[in-house]
file structure20.pdb (PDB, C-alpha atoms, pLDDT in the B column)
ATOM      1  CA  MET A   1     171.472  61.332 157.456  1.00 78.00           C
ATOM      2  CA  ILE A   2     172.641  62.179 153.992  1.00 82.00           C
ATOM      3  CA  ARG A   3     173.376  58.542 153.446  1.00 86.00           C
ATOM      4  CA  THR A   4     169.906  57.574 154.467  1.00 87.00           C
ATOM      5  CA  GLY A   5     168.472  60.193 152.209  1.00 84.00           C
ATOM      6  CA  LEU A   6     170.544  58.920 149.304  1.00 85.00           C
ATOM      7  CA  ALA A   7     169.597  55.336 150.081  1.00 86.00           C
ATOM      8  CA  LEU A   8     165.926  56.292 150.139  1.00 84.00           C
ATOM      9  CA  LEU A   9     166.333  58.217 146.900  1.00 81.00           C
ATOM     10  CA  ARG A  10     167.846  55.142 145.249  1.00 84.00           C
ATOM     11  CA  ARG A  11     164.856  53.089 146.290  1.00 86.00           C
ATOM     12  CA  VAL A  12     162.176  55.547 145.142  1.00 87.00           C
ATOM     13  CA  TRP A  13     163.965  57.412 142.352  1.00 85.00           C
ATOM     14  CA  TRP A  14     161.159  56.544 139.939  1.00 87.00           C
ATOM     15  CA  LEU A  15     158.684  58.576 142.033  1.00 87.00           C
ATOM     16  CA  VAL A  16     160.429  61.847 141.174  1.00 86.00           C
ATOM     17  CA  PRO A  17     159.558  61.826 137.435  1.00 90.00           C
ATOM     18  CA  ILE A  18     156.052  60.592 138.202  1.00 92.00           C
ATOM     19  CA  VAL A  19     155.473  63.439 140.683  1.00 93.00           C
ATOM     20  CA  ALA A  20     156.955  65.952 138.198  1.00 95.00           C
ATOM     21  CA  LEU A  21     154.696  64.655 135.412  1.00 95.00           C
ATOM     22  CA  ALA A  22     151.622  64.762 137.691  1.00 95.00           C
ATOM     23  CA  ALA A  23     152.407  68.353 138.727  1.00 96.00           C
ATOM     24  CA  GLY A  24     152.902  69.362 135.090  1.00 94.00           C
ATOM     25  CA  TRP A  25     149.629  67.707 134.106  1.00 94.00           C
ATOM     26  CA  TRP A  26     147.755  69.481 136.939  1.00 93.00           C
ATOM     27  CA  TRP A  27     149.275  72.901 136.013  1.00 92.00           C
ATOM     28  CA  THR A  28     148.408  72.423 132.290  1.00 92.00           C
ATOM     29  CA  ASP A  29     144.865  71.364 133.184  1.00 91.00           C
ATOM     30  CA  ARG A  30     144.365  74.566 135.188  1.00 89.00           C
ATOM     31  CA  GLN A  31     145.687  76.642 132.252  1.00 88.00           C
ATOM     32  CA  LEU A  32     143.409  74.871 129.758  1.00 91.00           C
ATOM     33  CA  ALA A  33     140.315  75.182 131.968  1.00 91.00           C
ATOM     34  CA  ASP A  34     140.153  78.876 131.094  1.00 88.00           C
ATOM     35  CA  VAL A  35     140.519  78.061 127.399  1.00 90.00           C
ATOM     36  CA  ARG A  36     137.752  75.445 127.622  1.00 92.00           C
ATOM     37  CA  LEU A  37     135.435  77.943 129.316  1.00 92.00           C
ATOM     38  CA  THR A  38     136.139  80.565 126.627  1.00 92.00           C
ATOM     39  CA  LEU A  39     135.489  78.001 123.890  1.00 93.00           C
ATOM     40  CA  ALA A  40     132.188  76.946 125.505  1.00 94.00           C
ATOM     41  CA  ASN A  41     131.101  80.598 125.706  1.00 95.00           C
ATOM     42  CA  GLU A  42     132.006  81.165 122.049  1.00 96.00           C
ATOM     43  CA  ARG A  43     130.016  78.083 121.038  1.00 96.00           C
ATOM     44  CA  THR A  44     126.999  79.346 122.956  1.00 96.00           C
ATOM     45  CA  VAL A  45     127.241  82.763 121.277  1.00 96.00           C
ATOM     46  CA  ARG A  46     127.671  81.134 117.848  1.00 97.00           C
ATOM     47  CA  THR A  47     124.610  78.936 118.406  1.00 96.00           C
ATOM     48  CA  GLN A  48     122.562  81.980 119.429  1.00 97.00           C
ATOM     49  CA  ASP A  49     123.806  83.925 116.371  1.00 97.00           C
ATOM     50  CA  LEU A  50     122.760  81.064 114.085  1.00 96.00           C
ATOM     51  CA  ALA A  51     119.314  80.940 115.681  1.00 96.00           C
ATOM     52  CA  ASP A  52     118.930  84.720 115.302  1.00 97.00           C
ATOM     53  CA  ALA A  53     120.056  84.542 111.673  1.00 97.00           C
ATOM     54  CA  GLU A  54     117.528  81.786 110.953  1.00 97.00           C
ATOM     55  CA  LYS A  55     114.748  83.871 112.525  1.00 97.00           C
ATOM     56  CA  ALA A  56     115.781  86.904 110.462  1.00 97.00           C
ATOM     57  CA  LYS A  57     115.859  84.781 107.299  1.00 97.00           C
ATOM     58  CA  LEU A  58     112.375  83.405 107.946  1.00 96.00           C
ATOM     59  CA  LYS A  59     111.077  86.913 108.661  1.00 97.00           C
ATOM     60  CA  ALA A  60     112.634  88.234 105.438  1.00 97.00           C
ATOM     61  CA  GLU A  61     111.105  85.373 103.451  1.00 96.00           C
ATOM     62  CA  ARG A  62     107.691  85.977 105.030  1.00 96.00           C
ATOM     63  CA  ASP A  63     107.908  89.732 104.385  1.00 96.00           C
ATOM     64  CA  GLY A  64     108.985  89.078 100.802  1.00 96.00           C
ATOM     65  CA  ALA A  65     106.065  86.718 100.238  1.00 95.00           C
ATOM     66  CA  GLU A  66     103.686  89.319 101.667  1.00 96.00           C
ATOM     67  CA  ARG A  67     105.132  91.995  99.356  1.00 96.00           C
ATOM     68  CA  VAL A  68     104.751  89.695  96.347  1.00 95.00           C
ATOM     69  CA  ALA A  69     101.164  88.909  97.321  1.00 94.00           C
ATOM     70  CA  THR A  70     100.372  92.605  97.757  1.00 94.00           C
ATOM     71  CA  ALA A  71     102.020  93.495  94.450  1.00 94.00           C
ATOM     72  CA  THR A  72     100.129  90.703  92.686  1.00 93.00           C
ATOM     73  CA  ALA A  73      96.827  91.883  94.139  1.00 91.00           C
ATOM     74  CA  THR A  74      97.583  95.489  93.166  1.00 92.00           C
ATOM     75  CA  TYR A  75      98.538  94.418  89.645  1.00 91.00           C
ATOM     76  CA  ALA A  76      95.351  92.344  89.320  1.00 86.00           C
ATOM     77  CA  ASP A  77      93.279  95.310  90.493  1.00 86.00           C
ATOM     78  CA  ARG A  78      94.939  97.576  87.941  1.00 87.00           C
ATOM     79  CA  LEU A  79      94.301  95.060  85.182  1.00 81.00           C
ATOM     80  CA  ALA A  80      90.696  94.707  86.260  1.00 77.00           C
ATOM     81  CA  ASN A  81      90.289  98.491  86.145  1.00 79.00           C
ATOM     82  CA  ARG A  82      91.738  98.580  82.638  1.00 77.00           C
ATOM     83  CA  ALA A  83      89.479  95.850  81.297  1.00 61.00           C
ATOM     84  CA  PRO A  84      86.698  97.256  79.126  1.00 64.00           C
ATOM     85  CA  ILE A  85      83.155  97.071  80.337  1.00 62.00           C
ATOM     86  CA  ILE A  86      81.090  95.290  77.731  1.00 63.00           C
ATOM     87  CA  LEU A  87      77.536  96.539  77.714  1.00 56.00           C
ATOM     88  CA  GLU A  88      75.079  94.406  75.803  1.00 64.00           C
ATOM     89  CA  SER A  89      71.613  95.867  76.102  1.00 67.00           C
ATOM     90  CA  THR A  90      70.264  99.349  75.511  1.00 69.00           C
ATOM     91  CA  ASN A  91      68.769  99.508  79.011  1.00 72.00           C
ATOM     92  CA  THR A  92      72.085  98.537  80.574  1.00 72.00           C
ATOM     93  CA  VAL A  93      73.840 101.256  78.591  1.00 70.00           C
ATOM     94  CA  ARG A  94      71.246 103.835  79.548  1.00 74.00           C
ATOM     95  CA  GLU A  95      71.469 102.906  83.249  1.00 78.00           C
ATOM     96  CA  TYR A  96      75.260 102.848  83.164  1.00 74.00           C
ATOM     97  CA  ALA A  97      75.411 106.238  81.432  1.00 74.00           C
ATOM     98  CA  GLN A  98      73.439 107.740  84.330  1.00 78.00           C
ATOM     99  CA  THR A  99      76.128 106.795  86.868  1.00 79.00           C
ATOM    100  CA  ASP A 100      79.218 108.928  87.531  1.00 76.00           C
ATOM    101  CA  ALA A 101      81.544 106.417  85.901  1.00 73.00           C
ATOM    102  CA  GLY A 102      79.182 106.058  82.960  1.00 72.00           C
ATOM    103  CA  ARG A 103      79.110 109.790  82.289  1.00 67.00           C
ATOM    104  CA  VAL A 104      82.870 109.726  81.880  1.00 66.00           C
ATOM    105  CA  ARG A 105      83.044 106.582  79.721  1.00 67.00           C
ATOM    106  CA  CYS A 106      79.845 106.792  77.661  1.00 67.00           C
ATOM    107  CA  ARG A 107      79.729 109.262  74.798  1.00 62.00           C
ATOM    108  CA  ASP A 108      76.648 111.116  73.738  1.00 63.00           C
ATOM    109  CA  ALA A 109      75.130 110.368  70.329  1.00 59.00           C
ATOM    110  CA  ASP A 110      76.583 113.445  68.547  1.00 61.00           C
ATOM    111  CA  ARG A 111      80.099 112.557  69.612  1.00 63.00           C
ATOM    112  CA  VAL A 112      79.666 108.946  68.457  1.00 64.00           C
ATOM    113  CA  ARG A 113      78.411 110.192  65.066  1.00 68.00           C
ATOM    114  CA  SER A 114      81.434 112.483  64.795  1.00 71.00           C
ATOM    115  CA  VAL A 115      83.765 109.539  65.412  1.00 69.00           C
ATOM    116  CA  ASP A 116      81.916 107.449  62.807  1.00 73.00           C
ATOM    117  CA  LEU A 117      82.157 110.312  60.277  1.00 78.00           C
ATOM    118  CA  LEU A 118      85.888 110.666  60.936  1.00 76.00           C
ATOM    119  CA  ASP A 119      86.365 106.911  60.446  1.00 78.00           C
ATOM    120  CA  ALA A 120      84.484 107.079  57.161  1.00 82.00           C
ATOM    121  CA  ARG A 121      86.607 109.982  55.929  1.00 83.00           C
ATOM    122  CA  LEU A 122      89.825 108.220  56.843  1.00 83.00           C
ATOM    123  CA  ALA A 123      88.698 105.036  55.088  1.00 81.00           C
ATOM    124  CA  ALA A 124      87.644 106.881  51.892  1.00 76.00           C
ATOM    125  CA  PRO A 125      89.667 106.195  48.713  1.00 66.00           C
ATOM    126  CA  ALA A 126      92.611 108.453  47.869  1.00 54.00           C
ATOM    127  CA  THR A 127      90.830 110.004  44.822  1.00 53.00           C
ATOM    128  CA  ALA A 128      88.199 111.538  47.071  1.00 50.00           C
ATOM    129  CA  ALA A 129      90.909 113.333  49.033  1.00 50.00           C
ATOM    130  CA  GLY A 130      92.026 115.275  45.935  1.00 55.00           C
ATOM    131  CA  SER A 131      95.140 113.358  45.080  1.00 54.00           C
ATOM    132  CA  GLY A 132      94.450 113.550  41.366  1.00 55.00           C
ATOM    133  CA  GLY A 133      93.658 109.870  41.038  1.00 56.00           C
ATOM    134  CA  ARG A 134      97.263 108.830  40.764  1.00 58.00           C
ATOM    135  CA  THR A 135      98.799 106.155  42.911  1.00 61.00           C
ATOM    136  CA  MET A 136     102.329 106.162  44.206  1.00 59.00           C
ATOM    137  CA  PRO A 137     104.758 103.995  42.202  1.00 59.00           C
ATOM    138  CA  ALA A 138     106.170 101.043  44.098  1.00 58.00           C
ATOM    139  CA  ASP A 139     109.893 101.324  44.830  1.00 56.00           C
ATOM    140  CA  ALA A 140     111.225  97.840  45.507  1.00 53.00           C
ATOM    141  CA  ALA A 141     114.710  99.105  46.346  1.00 56.00           C
ATOM    142  CA  ALA A 142     113.557 101.385  49.159  1.00 51.00           C
ATOM    143  CA  PRO A 143     113.437  99.825  52.610  1.00 53.00           C
ATOM    144  CA  ALA A 144     109.977  99.477  54.125  1.00 52.00           C
ATOM    145  CA  GLY A 145     109.171 101.959  56.872  1.00 50.00           C
ATOM    146  CA  GLY A 146     112.630 103.494  56.894  1.00 46.00           C
ATOM    147  CA  ARG A 147     114.315 100.277  58.019  1.00 42.00           C
TER     148      ARG A 147
END
call {"tool": "encode", "arguments": {"input": "structure20.pdb", "output": "structure tokens"}}
result
Amino acid sequence: MIRTGLALLRRVWWLVPIVALAAGWWWTDRQLADVRLTLANERTVRTQDLADAEKAKLKAERDGAERVATATATYADRLANRAPIILESTNTVREYAQTDAGRVRCRDADRVRSVDLLDARLAAPATAAGSGGRTMPADAAAPAGGR
């Protein structure tokens, strides 16, 4: 019986390494199946994270554009409110002065005359202000305006 077993082994000796290699391949494949599943799950999570990041980026860009548009509109409104109102006719001035905004911006005649008188006094020559008629000597060495 042992002789028959040895005779059979001599005939099919090459099957032993083939069976061992096949068993090793099957065992490794089972071990790597878990790794492949983990890798597939990680890829799915990574793809979802990229999609979420892209959505967040688009939302941030949209929100930023809305903030810029709002800031631009607010700035334009402020500039428009600062722009002077140019009144050309006497009737327009009279009608505007009767409104609430006009009462604040329009000056009465006495106040306008006071401003004109002040302008005239400031523009008067230095001799009228009691300076004795002398002018200041020019000092070329002195820096202009304290610079």
call {"tool": "atom_distance", "arguments": {"input": "structure20.pdb", "atom1": "CA of Ala80 (chain A)", "atom2": "CA of Gly102 (chain A)"}}
result
16.5 Å
call {"tool": "atom_distance", "arguments": {"input": "structure20.pdb", "atom1": "CA of Asn81 (chain A)", "atom2": "CA of Asp100 (chain A)"}}
result
15.3 Å
call {"tool": "atom_distance", "arguments": {"input": "structure20.pdb", "atom1": "CA of Leu8 (chain A)", "atom2": "CA of Ala20 (chain A)"}}
result
17.8 Å
call {"tool": "build_atoms", "arguments": {"input": "structure20.pdb", "residues": "region 10-44 of chain A", "atoms": "N, CA and C atoms", "output": "PDB file, keeping the file's coordinate frame"}}
result
ATOM      1  N   ARG A  10     167.566  56.236 146.161  1.00 84.00           N
ATOM      2  CA  ARG A  10     167.846  55.142 145.249  1.00 84.00           C
ATOM      3  C   ARG A  10     166.687  54.165 145.182  1.00 84.00           C
ATOM      4  N   ARG A  11     165.986  54.024 146.258  1.00 86.00           N
ATOM      5  CA  ARG A  11     164.856  53.089 146.290  1.00 86.00           C
ATOM      6  C   ARG A  11     163.637  53.645 145.556  1.00 86.00           C
ATOM      7  N   VAL A  12     163.397  54.951 145.696  1.00 87.00           N
ATOM      8  CA  VAL A  12     162.176  55.547 145.142  1.00 87.00           C
ATOM      9  C   VAL A  12     162.491  56.598 144.079  1.00 87.00           C
ATOM     10  N   TRP A  13     163.582  56.451 143.380  1.00 85.00           N
ATOM     11  CA  TRP A  13     163.965  57.412 142.352  1.00 85.00           C
ATOM     12  C   TRP A  13     162.896  57.560 141.278  1.00 85.00           C
ATOM     13  N   TRP A  14     162.184  56.543 140.986  1.00 87.00           N
ATOM     14  CA  TRP A  14     161.159  56.544 139.939  1.00 87.00           C
ATOM     15  C   TRP A  14     159.951  57.406 140.318  1.00 87.00           C
ATOM     16  N   LEU A  15     159.803  57.710 141.616  1.00 87.00           N
ATOM     17  CA  LEU A  15     158.684  58.576 142.033  1.00 87.00           C
ATOM     18  C   LEU A  15     158.906  60.035 141.620  1.00 87.00           C
ATOM     19  N   VAL A  16     160.136  60.458 141.505  1.00 86.00           N
ATOM     20  CA  VAL A  16     160.429  61.847 141.174  1.00 86.00           C
ATOM     21  C   VAL A  16     159.873  62.209 139.790  1.00 86.00           C
ATOM     22  N   PRO A  17     160.151  61.459 138.728  1.00 90.00           N
ATOM     23  CA  PRO A  17     159.558  61.826 137.435  1.00 90.00           C
ATOM     24  C   PRO A  17     158.033  61.715 137.420  1.00 90.00           C
ATOM     25  N   ILE A  18     157.509  60.756 138.157  1.00 92.00           N
ATOM     26  CA  ILE A  18     156.052  60.592 138.202  1.00 92.00           C
ATOM     27  C   ILE A  18     155.416  61.802 138.876  1.00 92.00           C
ATOM     28  N   VAL A  19     156.003  62.267 139.987  1.00 93.00           N
ATOM     29  CA  VAL A  19     155.473  63.439 140.683  1.00 93.00           C
ATOM     30  C   VAL A  19     155.619  64.675 139.793  1.00 93.00           C
ATOM     31  N   ALA A  20     156.759  64.803 139.091  1.00 95.00           N
ATOM     32  CA  ALA A  20     156.955  65.952 138.198  1.00 95.00           C
ATOM     33  C   ALA A  20     155.930  65.923 137.061  1.00 95.00           C
ATOM     34  N   LEU A  21     155.693  64.760 136.485  1.00 95.00           N
ATOM     35  CA  LEU A  21     154.696  64.655 135.412  1.00 95.00           C
ATOM     36  C   LEU A  21     153.287  64.972 135.928  1.00 95.00           C
ATOM     37  N   ALA A  22     152.942  64.489 137.116  1.00 95.00           N
ATOM     38  CA  ALA A  22     151.622  64.762 137.691  1.00 95.00           C
ATOM     39  C   ALA A  22     151.449  66.256 137.958  1.00 95.00           C
ATOM     40  N   ALA A  23     152.482  66.913 138.458  1.00 96.00           N
ATOM     41  CA  ALA A  23     152.407  68.353 138.727  1.00 96.00           C
ATOM     42  C   ALA A  23     152.265  69.122 137.404  1.00 96.00           C
ATOM     43  N   GLY A  24     153.012  68.715 136.395  1.00 94.00           N
ATOM     44  CA  GLY A  24     152.902  69.362 135.090  1.00 94.00           C
ATOM     45  C   GLY A  24     151.518  69.169 134.476  1.00 94.00           C
ATOM     46  N   TRP A  25     150.987  67.974 134.629  1.00 94.00           N
ATOM     47  CA  TRP A  25     149.629  67.707 134.106  1.00 94.00           C
ATOM     48  C   TRP A  25     148.610  68.579 134.828  1.00 94.00           C
ATOM     49  N   TRP A  26     148.704  68.678 136.165  1.00 93.00           N
ATOM     50  CA  TRP A  26     147.755  69.481 136.939  1.00 93.00           C
ATOM     51  C   TRP A  26     147.854  70.957 136.546  1.00 93.00           C
ATOM     52  N   TRP A  27     149.075  71.501 136.384  1.00 92.00           N
ATOM     53  CA  TRP A  27     149.275  72.901 136.013  1.00 92.00           C
ATOM     54  C   TRP A  27     148.710  73.176 134.610  1.00 92.00           C
ATOM     55  N   THR A  28     148.931  72.268 133.650  1.00 92.00           N
ATOM     56  CA  THR A  28     148.408  72.423 132.290  1.00 92.00           C
ATOM     57  C   THR A  28     146.883  72.363 132.289  1.00 92.00           C
ATOM     58  N   ASP A  29     146.323  71.480 133.105  1.00 91.00           N
ATOM     59  CA  ASP A  29     144.865  71.364 133.184  1.00 91.00           C
ATOM     60  C   ASP A  29     144.252  72.659 133.694  1.00 91.00           C
ATOM     61  N   ARG A  30     144.873  73.289 134.673  1.00 89.00           N
ATOM     62  CA  ARG A  30     144.365  74.566 135.188  1.00 89.00           C
ATOM     63  C   ARG A  30     144.462  75.650 134.103  1.00 89.00           C
ATOM     64  N   GLN A  31     145.536  75.658 133.323  1.00 88.00           N
ATOM     65  CA  GLN A  31     145.687  76.642 132.252  1.00 88.00           C
ATOM     66  C   GLN A  31     144.631  76.428 131.163  1.00 88.00           C
ATOM     67  N   LEU A  32     144.355  75.175 130.831  1.00 91.00           N
ATOM     68  CA  LEU A  32     143.409  74.871 129.758  1.00 91.00           C
ATOM     69  C   LEU A  32     141.956  75.007 130.194  1.00 91.00           C
ATOM     70  N   ALA A  33     141.686  75.021 131.494  1.00 91.00           N
ATOM     71  CA  ALA A  33     140.315  75.182 131.968  1.00 91.00           C
ATOM     72  C   ALA A  33     139.753  76.527 131.506  1.00 91.00           C
ATOM     73  N   ASP A  34     140.578  77.556 131.548  1.00 88.00           N
ATOM     74  CA  ASP A  34     140.153  78.876 131.094  1.00 88.00           C
ATOM     75  C   ASP A  34     139.873  78.855 129.589  1.00 88.00           C
ATOM     76  N   VAL A  35     140.715  78.163 128.846  1.00 90.00           N
ATOM     77  CA  VAL A  35     140.519  78.061 127.399  1.00 90.00           C
ATOM     78  C   VAL A  35     139.229  77.299 127.094  1.00 90.00           C
ATOM     79  N   ARG A  36     138.980  76.226 127.825  1.00 92.00           N
ATOM     80  CA  ARG A  36     137.752  75.445 127.622  1.00 92.00           C
ATOM     81  C   ARG A  36     136.510  76.283 127.926  1.00 92.00           C
ATOM     82  N   LEU A  37     136.569  77.080 128.968  1.00 92.00           N
ATOM     83  CA  LEU A  37     135.435  77.943 129.316  1.00 92.00           C
ATOM     84  C   LEU A  37     135.198  78.984 128.215  1.00 92.00           C
ATOM     85  N   THR A  38     136.266  79.580 127.709  1.00 92.00           N
ATOM     86  CA  THR A  38     136.139  80.565 126.627  1.00 92.00           C
ATOM     87  C   THR A  38     135.547  79.920 125.382  1.00 92.00           C
ATOM     88  N   LEU A  39     136.009  78.717 125.057  1.00 93.00           N
ATOM     89  CA  LEU A  39     135.489  78.001 123.890  1.00 93.00           C
ATOM     90  C   LEU A  39     134.005  77.663 124.066  1.00 93.00           C
ATOM     91  N   ALA A  40     133.610  77.257 125.247  1.00 94.00           N
ATOM     92  CA  ALA A  40     132.188  76.946 125.505  1.00 94.00           C
ATOM     93  C   ALA A  40     131.335  78.210 125.357  1.00 94.00           C
ATOM     94  N   ASN A  41     131.839  79.335 125.847  1.00 95.00           N
ATOM     95  CA  ASN A  41     131.101  80.598 125.706  1.00 95.00           C
ATOM     96  C   ASN A  41     130.982  80.998 124.239  1.00 95.00           C
ATOM     97  N   GLU A  42     132.056  80.834 123.467  1.00 96.00           N
ATOM     98  CA  GLU A  42     132.006  81.165 122.049  1.00 96.00           C
ATOM     99  C   GLU A  42     131.023  80.266 121.299  1.00 96.00           C
ATOM    100  N   ARG A  43     130.979  78.999 121.672  1.00 96.00           N
ATOM    101  CA  ARG A  43     130.016  78.083 121.038  1.00 96.00           C
ATOM    102  C   ARG A  43     128.588  78.496 121.348  1.00 96.00           C
ATOM    103  N   THR A  44     128.336  78.911 122.569  1.00 96.00           N
ATOM    104  CA  THR A  44     126.999  79.346 122.956  1.00 96.00           C
ATOM    105  C   THR A  44     126.592  80.594 122.157  1.00 96.00           C
TER     106      THR A  44
END
